[in-house]
Each structure stands twice: as structure tokens, then as C-alpha cells.
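Colleague: Can you keep this structure in mind? I'll have questions shortly.
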Amino acid sequence: MKIKRRKFAAIKKDVAANKKLLDQIHEARQAVRGYTTVPLAQRGANANAVRAFVAKDPAAHRMFNLLAQGDSWFDYPPGTDLIDCLHSKYGHTITNIAVAGSTLNDEAYGPVPREMFGLPFGPKQSDDPDRITELVHHIQQGSDQGKFQGLLLSAGGNDVAGDEFFSFINNARSGLTPVNAEVLDGVVNGTCKTAYLYLIDTALKAANDPGFKIFTHGYDYPWPDGRGVIHFLGWKVGPWFDPTFNEKNYPYEDEDTAQLQARHDIIVKFIDAVNDMLAGIAADVNYKGKVFHADLRGTLKSADDWANELHPVNSGFSALADVLDASLQANM
């Protein structure tokens, strides 16, 4: 049985039915990270730093009212993230509904998470609204600053990392190429592209504004060296690639640079596939002037720019935010 996209009328009906709940969930998240939605005039000392930065070249450093949906590159509790940097360095006001650990499948089809940093703040219900309903709700409601001028999307990294990564890699002893190209193409250009188009088409319809823009990114090239975020009393987050590489006989031992480079070269193919797919959407005539892709590849030069297998260090996120902001400035 083929499952079709939800009709927009049905999503709008869910928005009306769940508005109060969606606002409560968002308020609970914002109690922890609400600073990103604070307009410049209310930021205290940080406002002066942003104003001084913008004053150097006002035409090149315009500030926008944005909505963000995504994964840990927009919501990274252990350190800064892209949204933090766009807010604190460039002065953008951003309503952030991203949740760390989200897959593209979660963002397009899954229920709204009721947790923060892995801790539940509300019981899950069988009739919880989905995240596409949440997205439409926020786009149509806007923020205290008025209508959103654009949407930032971050998704896809978790769909090819972690347990999912195993099926993409051929064993080094098989004699096959390291990457199962057929599986990678099917997931990225089939499953992932379909979900992205669903998010993009729904967001554009919800905005119903020719000036509303959507910005995607496809990550940079990580170094799969076995570093995770945290490991405490048996509870851990990451690593995401190292277990598969070990099982598929691509070891990384004694800080062997050649072994790490071999792993890195494999990951490059994944990041390239995601970026090529997103760039293809932005280049599609149907999305001309509406969807833009910020290519972050090559911004981070070495493993030292990464805190772990999936996330840059704070300065790395700041450098990546420079590229994303340049896309905003060029296309908004």
C-alpha cells in the first residue's frame, strides 16, 4: 500500500486542533533555549557586540526573522551550534523547533518530541500531532517579530549515521567497493529527497508568500575517529561511525593516520551525496528563487575542527555559520 503525503487541508485541521498543545511544548523548550528568539533590542551586552559587527558593513549584515527546523547541528546542548552562532554573531532572531538526534524521517513524518536533552517534559500520547503540523503552525503563526522571512532546514545526517550506517558499507574483505552505491543512492535520492520535498512544499504552501525563502545545508566532512559526545555509567551518545567501520574491517588503531584517512574518504562520499541531492532541489526550476542550498563542505580543514564524529567544535560551528549567513545575505 502506497502512503501518500498528507493533504494540506488535513494538516491545517490538525493545527487548529492542537494549537494549545503545540504552544505548550514550544514554551517548555524555549524555557531552556529561548535566547535565540530574543530580538536584538532585548539582548543586553550582546546587542552592542552585534551592532558593532553589523555597523562595519550594514548592507552585508542584514538581520532576519527566521524559523529553524532540524537536528543537532541546530540544537547541540554540549556546545554551540549553527543557530547559536547565527543569533549571537549575526543578530538574527530565530524561532528554533529543532531537536537533537532528529532524523529526516522524524522531521517529515514523526510526532512532535516531548523531551529536551533526552529528558521528558510531558507524557507521549497516541494522538500527538506530527512535526509537519508543528512546522505549519509556526510558519502561519509567525513570531513576535511578525512573519518569518525564511526557514532553515537541517536534516539527513542521522539518517546515514549510527545503526543505519551499517547497511551502506561493504566489508573491506569482500573485494567490493567500500560504499554500497546502490543503497546510498536509494536512500539519499529516493527516501531522503522525497522527505525533503514534502517539508519544502508544505512549508512554502503554509507561508503563501513569494518572499519566503528556504535554506538547506548538507554538513561538512567529519573524521570518524571513534569520539562520541558523552559516555557516563554505560549511557553514551556516539560514536556513530566507528562501530560499523570496526565490524566491516576498516580499523583505526594507534592513531594511524592512513587508517583514519581511509575512513574519512568513505564518509566524503556520503556527505557529497546529501549535498548533491540538496543542490539539485535548489537548482530545480520549480524552486528557483525559493530554495537555496548552503554548501558547507571544505569549511572545516582537519579533525581538530571536530568535537566528535558528528559535531564541530564551537569555532567550527562559527565558521560554518559564516557560510550559512553569506547565503542568507545573498538570497534574502
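Labels for the C-alpha cells follow display order: chains A, B, ..., residues from 1 in each chain, ligands from 1.
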Going by DSSP on the backbone, which residues of region 68-214 of chain A come out as alpha helix (DSSP H)? List them as a short mmCIF file (atom, residue, chain, number, x, y, z; two decimals) with N, CA and C atoms, in the first residue's frame.

Modeller:
data_model
loop_
_atom_site.label_atom_id
_atom_site.label_comp_id
_atom_site.auth_asym_id
_atom_site.auth_seq_id
_atom_site.Cartn_x
_atom_site.Cartn_y
_atom_site.Cartn_z
N LEU A 82 24.82 25.94 14.98
CA LEU A 82 24.64 26.92 13.92
C LEU A 82 23.66 28.03 14.30
N ILE A 83 22.59 27.64 14.99
CA ILE A 83 21.58 28.63 15.37
C ILE A 83 22.14 29.60 16.40
N ASP A 84 22.88 29.08 17.38
CA ASP A 84 23.52 29.95 18.36
C ASP A 84 24.38 31.01 17.67
N CYS A 85 25.19 30.54 16.70
CA CYS A 85 26.12 31.45 16.03
C CYS A 85 25.40 32.48 15.17
N LEU A 86 24.37 32.05 14.45
CA LEU A 86 23.62 32.99 13.62
C LEU A 86 22.93 34.05 14.48
N HIS A 87 22.59 33.67 15.70
CA HIS A 87 21.94 34.60 16.62
C HIS A 87 22.94 35.55 17.27
N SER A 88 23.98 34.97 17.87
CA SER A 88 24.88 35.79 18.69
C SER A 88 25.90 36.57 17.88
N LEU A 104 15.67 12.83 9.33
CA LEU A 104 14.80 13.46 8.34
C LEU A 104 13.42 12.82 8.39
N ASN A 105 13.38 11.52 8.62
CA ASN A 105 12.10 10.82 8.78
C ASN A 105 11.30 11.41 9.93
N ASP A 106 11.99 11.71 11.06
CA ASP A 106 11.31 12.32 12.21
C ASP A 106 10.70 13.66 11.82
N GLU A 107 11.49 14.49 11.16
CA GLU A 107 11.05 15.85 10.85
C GLU A 107 9.90 15.89 9.86
N ALA A 108 9.89 14.95 8.94
CA ALA A 108 8.84 14.94 7.92
C ALA A 108 7.60 14.19 8.35
N TYR A 109 7.79 13.09 9.09
CA TYR A 109 6.67 12.19 9.33
C TYR A 109 6.42 11.86 10.81
N ARG A 131 5.27 16.46 13.32
CA ARG A 131 6.14 17.63 13.21
C ARG A 131 5.84 18.47 11.97
N ILE A 132 5.20 17.91 10.99
CA ILE A 132 4.81 18.71 9.84
C ILE A 132 3.68 19.66 10.25
N THR A 133 2.83 19.19 11.18
CA THR A 133 1.79 20.06 11.74
C THR A 133 2.43 21.18 12.56
N GLU A 134 3.43 20.82 13.35
CA GLU A 134 4.15 21.82 14.14
C GLU A 134 4.80 22.87 13.24
N LEU A 135 5.40 22.42 12.15
CA LEU A 135 6.05 23.34 11.22
C LEU A 135 5.05 24.31 10.62
N VAL A 136 3.94 23.80 10.15
CA VAL A 136 2.91 24.66 9.55
C VAL A 136 2.37 25.64 10.58
N HIS A 137 2.16 25.17 11.80
CA HIS A 137 1.66 26.02 12.88
C HIS A 137 2.57 27.23 13.08
N HIS A 138 3.86 26.99 13.19
CA HIS A 138 4.79 28.09 13.45
C HIS A 138 4.93 29.01 12.26
N ILE A 139 4.95 28.47 11.06
CA ILE A 139 5.05 29.33 9.88
C ILE A 139 3.85 30.26 9.79
N GLN A 140 2.67 29.72 10.03
CA GLN A 140 1.46 30.53 9.91
C GLN A 140 1.29 31.49 11.09
N GLN A 141 1.77 31.10 12.25
CA GLN A 141 1.64 31.95 13.44
C GLN A 141 2.68 33.05 13.45
N ALA A 181 26.99 1.70 -3.29
CA ALA A 181 26.46 2.86 -4.01
C ALA A 181 24.97 2.75 -4.28
N GLU A 182 24.50 1.54 -4.52
CA GLU A 182 23.07 1.35 -4.81
C GLU A 182 22.22 1.70 -3.60
N VAL A 183 22.66 1.24 -2.43
CA VAL A 183 21.92 1.55 -1.20
C VAL A 183 21.98 3.05 -0.91
N LEU A 184 23.16 3.63 -1.02
CA LEU A 184 23.32 5.06 -0.76
C LEU A 184 22.43 5.89 -1.68
N ASP A 185 22.44 5.57 -2.97
CA ASP A 185 21.63 6.32 -3.92
C ASP A 185 20.14 6.16 -3.62
N GLY A 186 19.73 4.95 -3.28
CA GLY A 186 18.32 4.72 -2.99
C GLY A 186 17.83 5.49 -1.79
N LYS A 193 15.25 12.48 -0.41
CA LYS A 193 14.76 13.54 -1.30
C LYS A 193 13.25 13.68 -1.21
N THR A 194 12.56 12.56 -1.14
CA THR A 194 11.10 12.60 -1.02
C THR A 194 10.67 13.32 0.24
N ALA A 195 11.35 13.03 1.36
CA ALA A 195 11.01 13.68 2.63
C ALA A 195 11.33 15.17 2.59
N TYR A 196 12.48 15.52 2.00
CA TYR A 196 12.83 16.94 1.88
C TYR A 196 11.80 17.69 1.05
N LEU A 197 11.38 17.12 -0.06
CA LEU A 197 10.39 17.78 -0.91
C LEU A 197 9.06 17.96 -0.18
N TYR A 198 8.72 17.00 0.64
CA TYR A 198 7.49 17.11 1.44
C TYR A 198 7.59 18.28 2.41
N LEU A 199 8.74 18.41 3.10
CA LEU A 199 8.94 19.52 4.02
C LEU A 199 8.93 20.85 3.27
N ILE A 200 9.65 20.91 2.18
CA ILE A 200 9.76 22.16 1.42
C ILE A 200 8.43 22.58 0.82
N ASP A 201 7.75 21.66 0.17
CA ASP A 201 6.47 22.00 -0.46
C ASP A 201 5.44 22.44 0.58
N THR A 202 5.41 21.73 1.71
CA THR A 202 4.45 22.07 2.76
C THR A 202 4.76 23.42 3.36
N ALA A 203 6.05 23.70 3.60
CA ALA A 203 6.45 24.99 4.18
C ALA A 203 6.11 26.14 3.25
N LEU A 204 6.36 25.98 1.97
CA LEU A 204 6.05 27.04 1.01
C LEU A 204 4.55 27.30 0.93
N LYS A 205 3.78 26.23 1.00
CA LYS A 205 2.33 26.38 0.95
C LYS A 205 1.82 27.06 2.22
N ALA A 206 2.40 26.71 3.36
CA ALA A 206 1.99 27.32 4.63
C ALA A 206 2.31 28.81 4.65
N ALA A 207 3.47 29.17 4.12
CA ALA A 207 3.87 30.58 4.12
C ALA A 207 3.02 31.40 3.16
#

Colleague: Would you give me, as a VMD selection string, the residues in region 142-225 of chain A that DSSP reads as strand (DSSP E)?

Modeller: chain A and resid 150 to 153 213 to 217

Colleague: Store the residues picked out above, limited to C-alpha atoms, as an mmCIF file, in the first residue's frame.

Modeller:
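Writing the result to selection-v1.cif gives the following:
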data_model
loop_
_atom_site.group_PDB
_atom_site.id
_atom_site.type_symbol
_atom_site.label_atom_id
_atom_site.label_comp_id
_atom_site.auth_asym_id
_atom_site.auth_seq_id
_atom_site.Cartn_x
_atom_site.Cartn_y
_atom_site.Cartn_z
ATOM 1 C CA GLY A 150 12.683 32.242 5.860
ATOM 2 C CA LEU A 151 13.069 28.671 7.071
ATOM 3 C CA LEU A 152 16.361 26.975 7.905
ATOM 4 C CA LEU A 153 16.384 23.179 7.463
ATOM 5 C CA LYS A 213 12.819 31.516 1.384
ATOM 6 C CA ILE A 214 14.068 28.086 2.484
ATOM 7 C CA PHE A 215 17.732 27.338 3.165
ATOM 8 C CA THR A 216 19.285 23.879 3.398
ATOM 9 C CA HIS A 217 22.792 22.639 4.149
#

Colleague: Considering only C-alpha atoms, return as a VMD selection string whatever protein or nucleic-acid residues lie within 9 Å of region 37-47 of chain A, sequence-local ones (same chain, fewer than 5 positions apart) excluded.

Modeller: chain A and resid 30 52 65 87 to 89 91 to 96 143 to 145

Colleague: Hey, what's within 6 Å of region 154-165 of chain A if we count only C-alpha atoms and toss same-chain stuff fewer than 6 positions away? As a tab-separated table (two decimals) with N, CA and C atoms, in the first residue's frame, please?

Modeller:
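File produced: selection37.tsv:
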chain	number	residue	atom	x	y	z
A	70	GLY	N	15.25	21.20	12.58
A	70	GLY	CA	16.43	20.41	12.29
A	70	GLY	C	16.85	19.44	13.37
A	71	ASP	N	18.14	19.12	13.32
A	71	ASP	CA	18.76	18.13	14.19
A	71	ASP	C	19.77	18.82	15.10
A	103	THR	N	16.03	12.54	12.91
A	103	THR	CA	16.27	12.10	11.54
A	103	THR	C	15.37	12.91	10.61
A	104	LEU	N	15.67	12.83	9.33
A	104	LEU	CA	14.80	13.46	8.34
A	104	LEU	C	13.42	12.82	8.39
A	240	TRP	N	29.18	7.28	16.09
A	240	TRP	CA	28.15	6.90	15.12
A	240	TRP	C	28.68	6.07	13.96

Colleague: So that I can see what lies close to Ile271 (chain A), please list as a PyMOL selection string the residues with an atom at most 7 Å from it, counting only C-alpha atoms and leaving out residues fewer than 4 positions away in the same chain.

Modeller: chain A and resi 218-221+267+275

Colleague: Lys269 (chain A): which residues within 8 Å, counting only C-alpha atoms, same-chain residues fewer than 4 positions away excluded, as JSON, numbers by chain?

Modeller: {"A": [179, 265, 273]}

Colleague: Those residues with C-alpha atoms, as a PDB file, in the first residue's frame please?

Modeller:
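In the end it all went to out11.pdb:
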ATOM      1  CA  VAL A 179      30.401   2.116  -0.211  1.00  0.00           C
ATOM      2  CA  ASP A 265      37.355   9.212   2.330  1.00  0.00           C
ATOM      3  CA  ALA A 273      25.618  12.530  -1.964  1.00  0.00           C
TER       4      ALA A 273
END

Colleague: Take CA of Gly280 (chain A) and CA of Phe168 (chain A) and report the distance between them in Å, one decimal.

Modeller: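 Rounded to one decimal, the two atoms are 21.9 Å apart.
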
Colleague: When you draw a straight line from CA of Pro243 (chain A) to CA of Glu309 (chain A), how long is it in Å?

Modeller: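 Answer for the CA of Pro243 (chain A) to CA of Glu309 (chain A) separation: 11.6 Å.
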
Colleague: Residues near region 244-252 of chain A, anyone? I mean within 12 Å using only C-alpha atoms, not counting same-chain ones fewer than 5 positions away, as a PyMOL selection string.

Modeller: chain A and resi 160-176+178-179+223-227+238-239+257-267

Colleague: Please write the residues from the selection above to a file, keeping C-alpha atoms, as a compact mmCIF listing (two decimals), in the first residue's frame.

Modeller:
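Once everything was written out, this is again-v9.txt:
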# COMPACT_ATOMS: atom_id res chain seq x y z
CA VAL A 160 23.01 7.73 7.35
CA ALA A 161 24.78 7.60 10.73
CA GLY A 162 24.52 5.30 13.73
CA ASP A 163 22.90 1.90 13.21
CA GLU A 164 21.74 2.93 9.75
CA PHE A 165 25.35 3.31 8.60
CA PHE A 166 25.94 -0.46 8.69
CA SER A 167 23.94 -1.22 5.56
CA PHE A 168 25.79 1.38 3.49
CA ILE A 169 29.28 -0.14 3.92
CA ASN A 170 30.70 -3.24 2.28
CA ASN A 171 33.19 -5.30 4.24
CA ALA A 172 36.81 -4.48 3.42
CA ARG A 173 37.47 -8.19 2.90
CA SER A 174 34.65 -8.61 0.37
CA GLY A 175 36.58 -7.19 -2.57
CA LEU A 176 33.69 -4.80 -3.22
CA PRO A 178 33.75 0.37 0.34
CA VAL A 179 30.40 2.12 -0.21
CA TRP A 223 36.53 12.43 10.80
CA PRO A 224 35.22 9.06 12.08
CA ASP A 225 37.80 8.53 14.83
CA GLY A 226 35.56 6.96 17.45
CA ARG A 227 34.84 10.06 19.53
CA GLY A 238 28.00 8.30 19.85
CA PRO A 239 30.24 7.32 18.25
CA THR A 257 46.62 8.47 10.01
CA ALA A 258 46.31 6.27 6.91
CA GLN A 259 43.51 4.24 8.51
CA LEU A 260 41.68 7.39 9.57
CA GLN A 261 42.07 8.89 6.11
CA ALA A 262 40.56 5.75 4.57
CA ARG A 263 37.52 6.10 6.81
CA HIS A 264 37.29 9.82 6.08
CA ASP A 265 37.36 9.21 2.33
CA ILE A 266 34.38 6.88 2.68
CA ILE A 267 32.39 9.45 4.68

Colleague: Would you mind telling me which residue in A:Arg51, A:Lys20, A:Lys12, A:Arg29 lies nearest to Met63 (chain A) when using only C-alpha atoms?

Modeller: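 Between A:Arg51, A:Lys20, A:Lys12, A:Arg29, the residue approaching Met63 (chain A) most closely is A:Arg51.
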
Colleague: Using Å and a single decimal, report how far CA of Val229 (chain A) sits from CA of Asp276 (chain A).

Modeller: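 Calculated distance between CA of Asp276 (chain A) and CA of Val229 (chain A) is 28.0 Å.
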
Colleague: Pick out the closest residue to Asp57 (chain A) from this set: A:Asp81, A:Phe8, A:Tyr90, A:Gly110. Count only C-alpha atoms.

Modeller: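 Once distances to Asp57 (chain A) are computed over only C-alpha atoms, the minimum belongs to A:Tyr90.
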